[in-house]
Amino acid sequence: MLATQKLGSITCWGTRRMVELESTSSEETERIGAAVARELGPGDVVTVSGELGTGKTTFVRGACRALGVAGLVTSPSYTIGHRYAGDLDVSHLDLYRFDGMSDAEWGDLEAYFEAAVVFVEWPEAGEAFLPPARVRVRLRHHGEAHRLIALESSEKALEIRLSAGADPRV
């Protein structure tokens, strides 16, 4: 439940739906990540985009906690990927260092998608290879300490569950 979040808007583009939430702290960003994670299962892919410092890894950390990951959750910027054991296996990829992706590079990443919930930061570099995302997350700065977090899905029911209970204040 996102009871402490401020629902900014619900927008539709064809079959894609988006909920925009405002976060005023790292803890709120983690709670939003956790709420998304509770809707996921093995094989689901979540892309996480945004400028440096917008809270992408913080969002993923919250999701990992909701999926039962107890250990340290850090950015895989230098290692490209982490695999975490939890109630469900979780893969966390960071494609920031990629300008694009080759077949060989994709081959190195494929194992991360097997029987896991997968979060991909900076997904733009792998768009031609990545499986379709169940949820697309975009974070952006909104003032000095706030973030806007857009959650986009083609599933109306998922969008409704993610926005349920949100406080409609901005």
# chains A, B, ... in the order shown; residues from 1 in each chain; ligands from 1
>>> residues_around(residues="A:Val120", least_positions_apart="5", cutoff="8 Å", atoms="only C-alpha atoms", output="list in words")
Val45, Val46, Thr47, Val48, His92, Leu93, Asp94 and Leu95 of chain A
>>> write_last_selection(atoms="C-alpha atoms", output="compact mmCIF listing (two decimals), in the first residue's frame")
# COMPACT_ATOMS: atom_id res chain seq x y z
CA VAL A 45 11.40 -7.45 -16.00
CA VAL A 46 11.36 -3.93 -14.58
CA THR A 47 13.35 -1.22 -16.34
CA VAL A 48 14.56 1.66 -14.16
CA HIS A 92 19.89 -6.35 -10.72
CA LEU A 93 21.63 -5.12 -13.87
CA ASP A 94 23.18 -1.75 -14.63
CA LEU A 95 23.88 -1.02 -18.30
>>> residues_around(residues="stretch 65-77 of chain A", least_positions_apart="2", cutoff="7 Å", atoms="only C-alpha atoms", output="PyMOL selection string")
chain A and resi 34+37-38+57+61-63+79-82+84-88+93-94+96
>>> select_by_dssp(residues="stretch 2-165 of chain A", states="alpha helix (DSSP H)", output="short mmCIF file (atom, residue, chain, number, x, y, z; two decimals) with C-alpha atoms, in the first residue's frame")
data_model
loop_
_atom_site.label_atom_id
_atom_site.label_comp_id
_atom_site.auth_asym_id
_atom_site.auth_seq_id
_atom_site.Cartn_x
_atom_site.Cartn_y
_atom_site.Cartn_z
CA SER A 26 14.96 7.57 0.26
CA GLU A 27 12.60 5.65 2.53
CA GLU A 28 9.59 6.64 0.40
CA THR A 29 11.46 5.66 -2.76
CA GLU A 30 12.20 2.26 -1.20
CA ARG A 31 8.52 1.86 -0.21
CA ILE A 32 7.45 2.55 -3.80
CA GLY A 33 9.97 -0.04 -5.01
CA ALA A 34 8.59 -2.51 -2.46
CA ALA A 35 5.01 -1.90 -3.61
CA VAL A 36 6.01 -2.64 -7.20
CA ALA A 37 7.93 -5.76 -6.16
CA LYS A 56 17.38 4.10 -9.17
CA THR A 57 19.36 1.81 -6.89
CA THR A 58 17.36 3.01 -3.87
CA PHE A 59 14.16 1.99 -5.69
CA VAL A 60 15.65 -1.43 -6.50
CA ARG A 61 16.85 -1.84 -2.88
CA GLY A 62 13.28 -1.38 -1.66
CA ALA A 63 12.05 -3.91 -4.20
CA CYS A 64 14.71 -6.41 -3.15
CA ARG A 65 13.73 -6.09 0.52
CA ALA A 66 10.09 -6.81 -0.37
CA ASP A 103 25.09 -10.50 -29.31
CA ALA A 104 28.09 -11.62 -27.25
CA GLU A 105 27.38 -9.09 -24.50
CA TRP A 106 23.73 -10.14 -24.39
CA GLY A 107 24.89 -13.75 -24.14
CA ASP A 108 26.82 -12.84 -21.00
CA LEU A 109 23.67 -11.34 -19.45
CA LYS A 156 -4.63 -1.66 -16.21
CA ALA A 157 -5.12 -3.89 -13.15
CA LEU A 158 -1.47 -3.47 -12.18
CA GLU A 159 -1.69 0.31 -12.49
CA ILE A 160 -4.80 0.33 -10.31
CA ARG A 161 -3.13 -1.78 -7.62
CA LEU A 162 -0.04 0.42 -7.63
CA SER A 163 -2.07 3.60 -7.25
#
>>> residues_around(residues="A:Ser23", least_positions_apart="2", cutoff="7 Å", atoms="only C-alpha atoms", output="list in words")
Gln5, Leu21, Ser25, Glu28, Thr29, His146, Arg147 and Leu148 of chain A
>>> atom_distance(atom1="atom CA of A:Ala115", atom2="atom CA of A:Pro42")
5.2 Å
>>> closest_residue(among="A:Glu22, A:Glu124, A:Glu155, A:Asp89", to="A:Thr54", atoms="only C-alpha atoms")
A:Glu22
>>> decode(residues="stretch 59-87 of chain A", atoms="N, CA, C and O atoms", output="PDB file, in the first residue's frame")
ATOM      1  N   PHE A  59      15.421   2.620  -5.293  1.00  0.00           N
ATOM      2  CA  PHE A  59      14.162   1.993  -5.692  1.00  0.00           C
ATOM      3  C   PHE A  59      14.331   0.471  -5.732  1.00  0.00           C
ATOM      4  O   PHE A  59      13.518  -0.281  -5.179  1.00  0.00           O
ATOM      5  N   VAL A  60      15.405   0.010  -6.382  1.00  0.00           N
ATOM      6  CA  VAL A  60      15.655  -1.433  -6.500  1.00  0.00           C
ATOM      7  C   VAL A  60      15.898  -2.047  -5.122  1.00  0.00           C
ATOM      8  O   VAL A  60      15.439  -3.156  -4.837  1.00  0.00           O
ATOM      9  N   ARG A  61      16.596  -1.339  -4.241  1.00  0.00           N
ATOM     10  CA  ARG A  61      16.845  -1.843  -2.884  1.00  0.00           C
ATOM     11  C   ARG A  61      15.521  -2.104  -2.163  1.00  0.00           C
ATOM     12  O   ARG A  61      15.340  -3.144  -1.521  1.00  0.00           O
ATOM     13  N   GLY A  62      14.586  -1.181  -2.277  1.00  0.00           N
ATOM     14  CA  GLY A  62      13.278  -1.381  -1.657  1.00  0.00           C
ATOM     15  C   GLY A  62      12.559  -2.583  -2.234  1.00  0.00           C
ATOM     16  O   GLY A  62      11.927  -3.356  -1.508  1.00  0.00           O
ATOM     17  N   ALA A  63      12.666  -2.758  -3.546  1.00  0.00           N
ATOM     18  CA  ALA A  63      12.052  -3.915  -4.199  1.00  0.00           C
ATOM     19  C   ALA A  63      12.696  -5.213  -3.708  1.00  0.00           C
ATOM     20  O   ALA A  63      11.997  -6.190  -3.409  1.00  0.00           O
ATOM     21  N   CYS A  64      14.010  -5.212  -3.610  1.00  0.00           N
ATOM     22  CA  CYS A  64      14.713  -6.412  -3.147  1.00  0.00           C
ATOM     23  C   CYS A  64      14.288  -6.788  -1.729  1.00  0.00           C
ATOM     24  O   CYS A  64      14.074  -7.967  -1.434  1.00  0.00           O
ATOM     25  N   ARG A  65      14.155  -5.814  -0.855  1.00  0.00           N
ATOM     26  CA  ARG A  65      13.729  -6.087   0.522  1.00  0.00           C
ATOM     27  C   ARG A  65      12.344  -6.741   0.524  1.00  0.00           C
ATOM     28  O   ARG A  65      12.108  -7.705   1.255  1.00  0.00           O
ATOM     29  N   ALA A  66      11.441  -6.237  -0.309  1.00  0.00           N
ATOM     30  CA  ALA A  66      10.089  -6.812  -0.374  1.00  0.00           C
ATOM     31  C   ALA A  66      10.099  -8.229  -0.933  1.00  0.00           C
ATOM     32  O   ALA A  66       9.190  -9.012  -0.653  1.00  0.00           O
ATOM     33  N   LEU A  67      11.122  -8.561  -1.702  1.00  0.00           N
ATOM     34  CA  LEU A  67      11.243  -9.898  -2.285  1.00  0.00           C
ATOM     35  C   LEU A  67      12.090 -10.820  -1.415  1.00  0.00           C
ATOM     36  O   LEU A  67      12.475 -11.909  -1.842  1.00  0.00           O
ATOM     37  N   GLY A  68      12.406 -10.371  -0.203  1.00  0.00           N
ATOM     38  CA  GLY A  68      13.088 -11.228   0.762  1.00  0.00           C
ATOM     39  C   GLY A  68      14.598 -11.202   0.718  1.00  0.00           C
ATOM     40  O   GLY A  68      15.246 -12.045   1.355  1.00  0.00           O
ATOM     41  N   VAL A  69      15.199 -10.267   0.032  1.00  0.00           N
ATOM     42  CA  VAL A  69      16.658 -10.155  -0.003  1.00  0.00           C
ATOM     43  C   VAL A  69      17.096  -9.464   1.286  1.00  0.00           C
ATOM     44  O   VAL A  69      16.672  -8.340   1.567  1.00  0.00           O
ATOM     45  N   ALA A  70      17.936 -10.135   2.067  1.00  0.00           N
ATOM     46  CA  ALA A  70      18.336  -9.607   3.370  1.00  0.00           C
ATOM     47  C   ALA A  70      19.696  -8.915   3.328  1.00  0.00           C
ATOM     48  O   ALA A  70      19.969  -8.057   4.143  1.00  0.00           O
ATOM     49  N   GLY A  71      20.550  -9.268   2.405  1.00  0.00           N
ATOM     50  CA  GLY A  71      21.909  -8.730   2.374  1.00  0.00           C
ATOM     51  C   GLY A  71      21.993  -7.346   1.764  1.00  0.00           C
ATOM     52  O   GLY A  71      20.994  -6.719   1.416  1.00  0.00           O
ATOM     53  N   LEU A  72      23.215  -6.885   1.634  1.00  0.00           N
ATOM     54  CA  LEU A  72      23.515  -5.582   1.061  1.00  0.00           C
ATOM     55  C   LEU A  72      23.079  -5.537  -0.405  1.00  0.00           C
ATOM     56  O   LEU A  72      23.355  -6.452  -1.173  1.00  0.00           O
ATOM     57  N   VAL A  73      22.373  -4.481  -0.789  1.00  0.00           N
ATOM     58  CA  VAL A  73      21.947  -4.263  -2.177  1.00  0.00           C
ATOM     59  C   VAL A  73      22.654  -3.003  -2.653  1.00  0.00           C
ATOM     60  O   VAL A  73      22.407  -1.919  -2.135  1.00  0.00           O
ATOM     61  N   THR A  74      23.548  -3.165  -3.618  1.00  0.00           N
ATOM     62  CA  THR A  74      24.350  -2.045  -4.106  1.00  0.00           C
ATOM     63  C   THR A  74      24.231  -1.930  -5.617  1.00  0.00           C
ATOM     64  O   THR A  74      23.804  -2.862  -6.295  1.00  0.00           O
ATOM     65  N   SER A  75      24.650  -0.802  -6.134  1.00  0.00           N
ATOM     66  CA  SER A  75      24.626  -0.584  -7.572  1.00  0.00           C
ATOM     67  C   SER A  75      25.633  -1.503  -8.256  1.00  0.00           C
ATOM     68  O   SER A  75      26.787  -1.578  -7.844  1.00  0.00           O
ATOM     69  N   PRO A  76      25.219  -2.189  -9.309  1.00  0.00           N
ATOM     70  CA  PRO A  76      26.152  -3.033 -10.051  1.00  0.00           C
ATOM     71  C   PRO A  76      26.848  -2.288 -11.191  1.00  0.00           C
ATOM     72  O   PRO A  76      27.218  -2.893 -12.199  1.00  0.00           O
ATOM     73  N   SER A  77      27.050  -0.984 -11.055  1.00  0.00           N
ATOM     74  CA  SER A  77      27.640  -0.184 -12.131  1.00  0.00           C
ATOM     75  C   SER A  77      28.954  -0.751 -12.642  1.00  0.00           C
ATOM     76  O   SER A  77      29.222  -0.729 -13.830  1.00  0.00           O
ATOM     77  N   TYR A  78      29.796  -1.243 -11.749  1.00  0.00           N
ATOM     78  CA  TYR A  78      31.117  -1.722 -12.163  1.00  0.00           C
ATOM     79  C   TYR A  78      31.156  -3.212 -12.426  1.00  0.00           C
ATOM     80  O   TYR A  78      32.061  -3.691 -13.107  1.00  0.00           O
ATOM     81  N   THR A  79      30.175  -3.940 -11.937  1.00  0.00           N
ATOM     82  CA  THR A  79      30.146  -5.385 -12.157  1.00  0.00           C
ATOM     83  C   THR A  79      29.096  -5.775 -13.189  1.00  0.00           C
ATOM     84  O   THR A  79      29.014  -6.933 -13.552  1.00  0.00           O
ATOM     85  N   ILE A  80      28.286  -4.864 -13.620  1.00  0.00           N
ATOM     86  CA  ILE A  80      27.183  -5.019 -14.577  1.00  0.00           C
ATOM     87  C   ILE A  80      25.962  -5.686 -13.954  1.00  0.00           C
ATOM     88  O   ILE A  80      24.849  -5.275 -14.191  1.00  0.00           O
ATOM     89  N   GLY A  81      26.156  -6.734 -13.127  1.00  0.00           N
ATOM     90  CA  GLY A  81      24.991  -7.398 -12.567  1.00  0.00           C
ATOM     91  C   GLY A  81      25.249  -8.053 -11.231  1.00  0.00           C
ATOM     92  O   GLY A  81      26.371  -8.448 -10.916  1.00  0.00           O
ATOM     93  N   HIS A  82      24.190  -8.130 -10.426  1.00  0.00           N
ATOM     94  CA  HIS A  82      24.180  -8.869  -9.163  1.00  0.00           C
ATOM     95  C   HIS A  82      22.988  -9.813  -9.203  1.00  0.00           C
ATOM     96  O   HIS A  82      21.939  -9.489  -9.767  1.00  0.00           O
ATOM     97  N   ARG A  83      23.148 -10.960  -8.579  1.00  0.00           N
ATOM     98  CA  ARG A  83      22.040 -11.901  -8.410  1.00  0.00           C
ATOM     99  C   ARG A  83      21.868 -12.099  -6.905  1.00  0.00           C
ATOM    100  O   ARG A  83      22.831 -12.387  -6.206  1.00  0.00           O
ATOM    101  N   TYR A  84      20.661 -11.885  -6.418  1.00  0.00           N
ATOM    102  CA  TYR A  84      20.372 -11.992  -4.999  1.00  0.00           C
ATOM    103  C   TYR A  84      19.387 -13.127  -4.760  1.00  0.00           C
ATOM    104  O   TYR A  84      18.427 -13.292  -5.508  1.00  0.00           O
ATOM    105  N   ALA A  85      19.606 -13.869  -3.681  1.00  0.00           N
ATOM    106  CA  ALA A  85      18.660 -14.898  -3.260  1.00  0.00           C
ATOM    107  C   ALA A  85      17.720 -14.280  -2.229  1.00  0.00           C
ATOM    108  O   ALA A  85      18.151 -13.565  -1.327  1.00  0.00           O
ATOM    109  N   GLY A  86      16.445 -14.535  -2.405  1.00  0.00           N
ATOM    110  CA  GLY A  86      15.434 -14.061  -1.469  1.00  0.00           C
ATOM    111  C   GLY A  86      14.276 -15.026  -1.519  1.00  0.00           C
ATOM    112  O   GLY A  86      14.453 -16.200  -1.853  1.00  0.00           O
ATOM    113  N   ASP A  87      13.076 -14.547  -1.216  1.00  0.00           N
ATOM    114  CA  ASP A  87      11.895 -15.385  -1.394  1.00  0.00           C
ATOM    115  C   ASP A  87      11.773 -15.763  -2.865  1.00  0.00           C
ATOM    116  O   ASP A  87      11.314 -16.841  -3.209  1.00  0.00           O
TER     117      ASP A  87
END
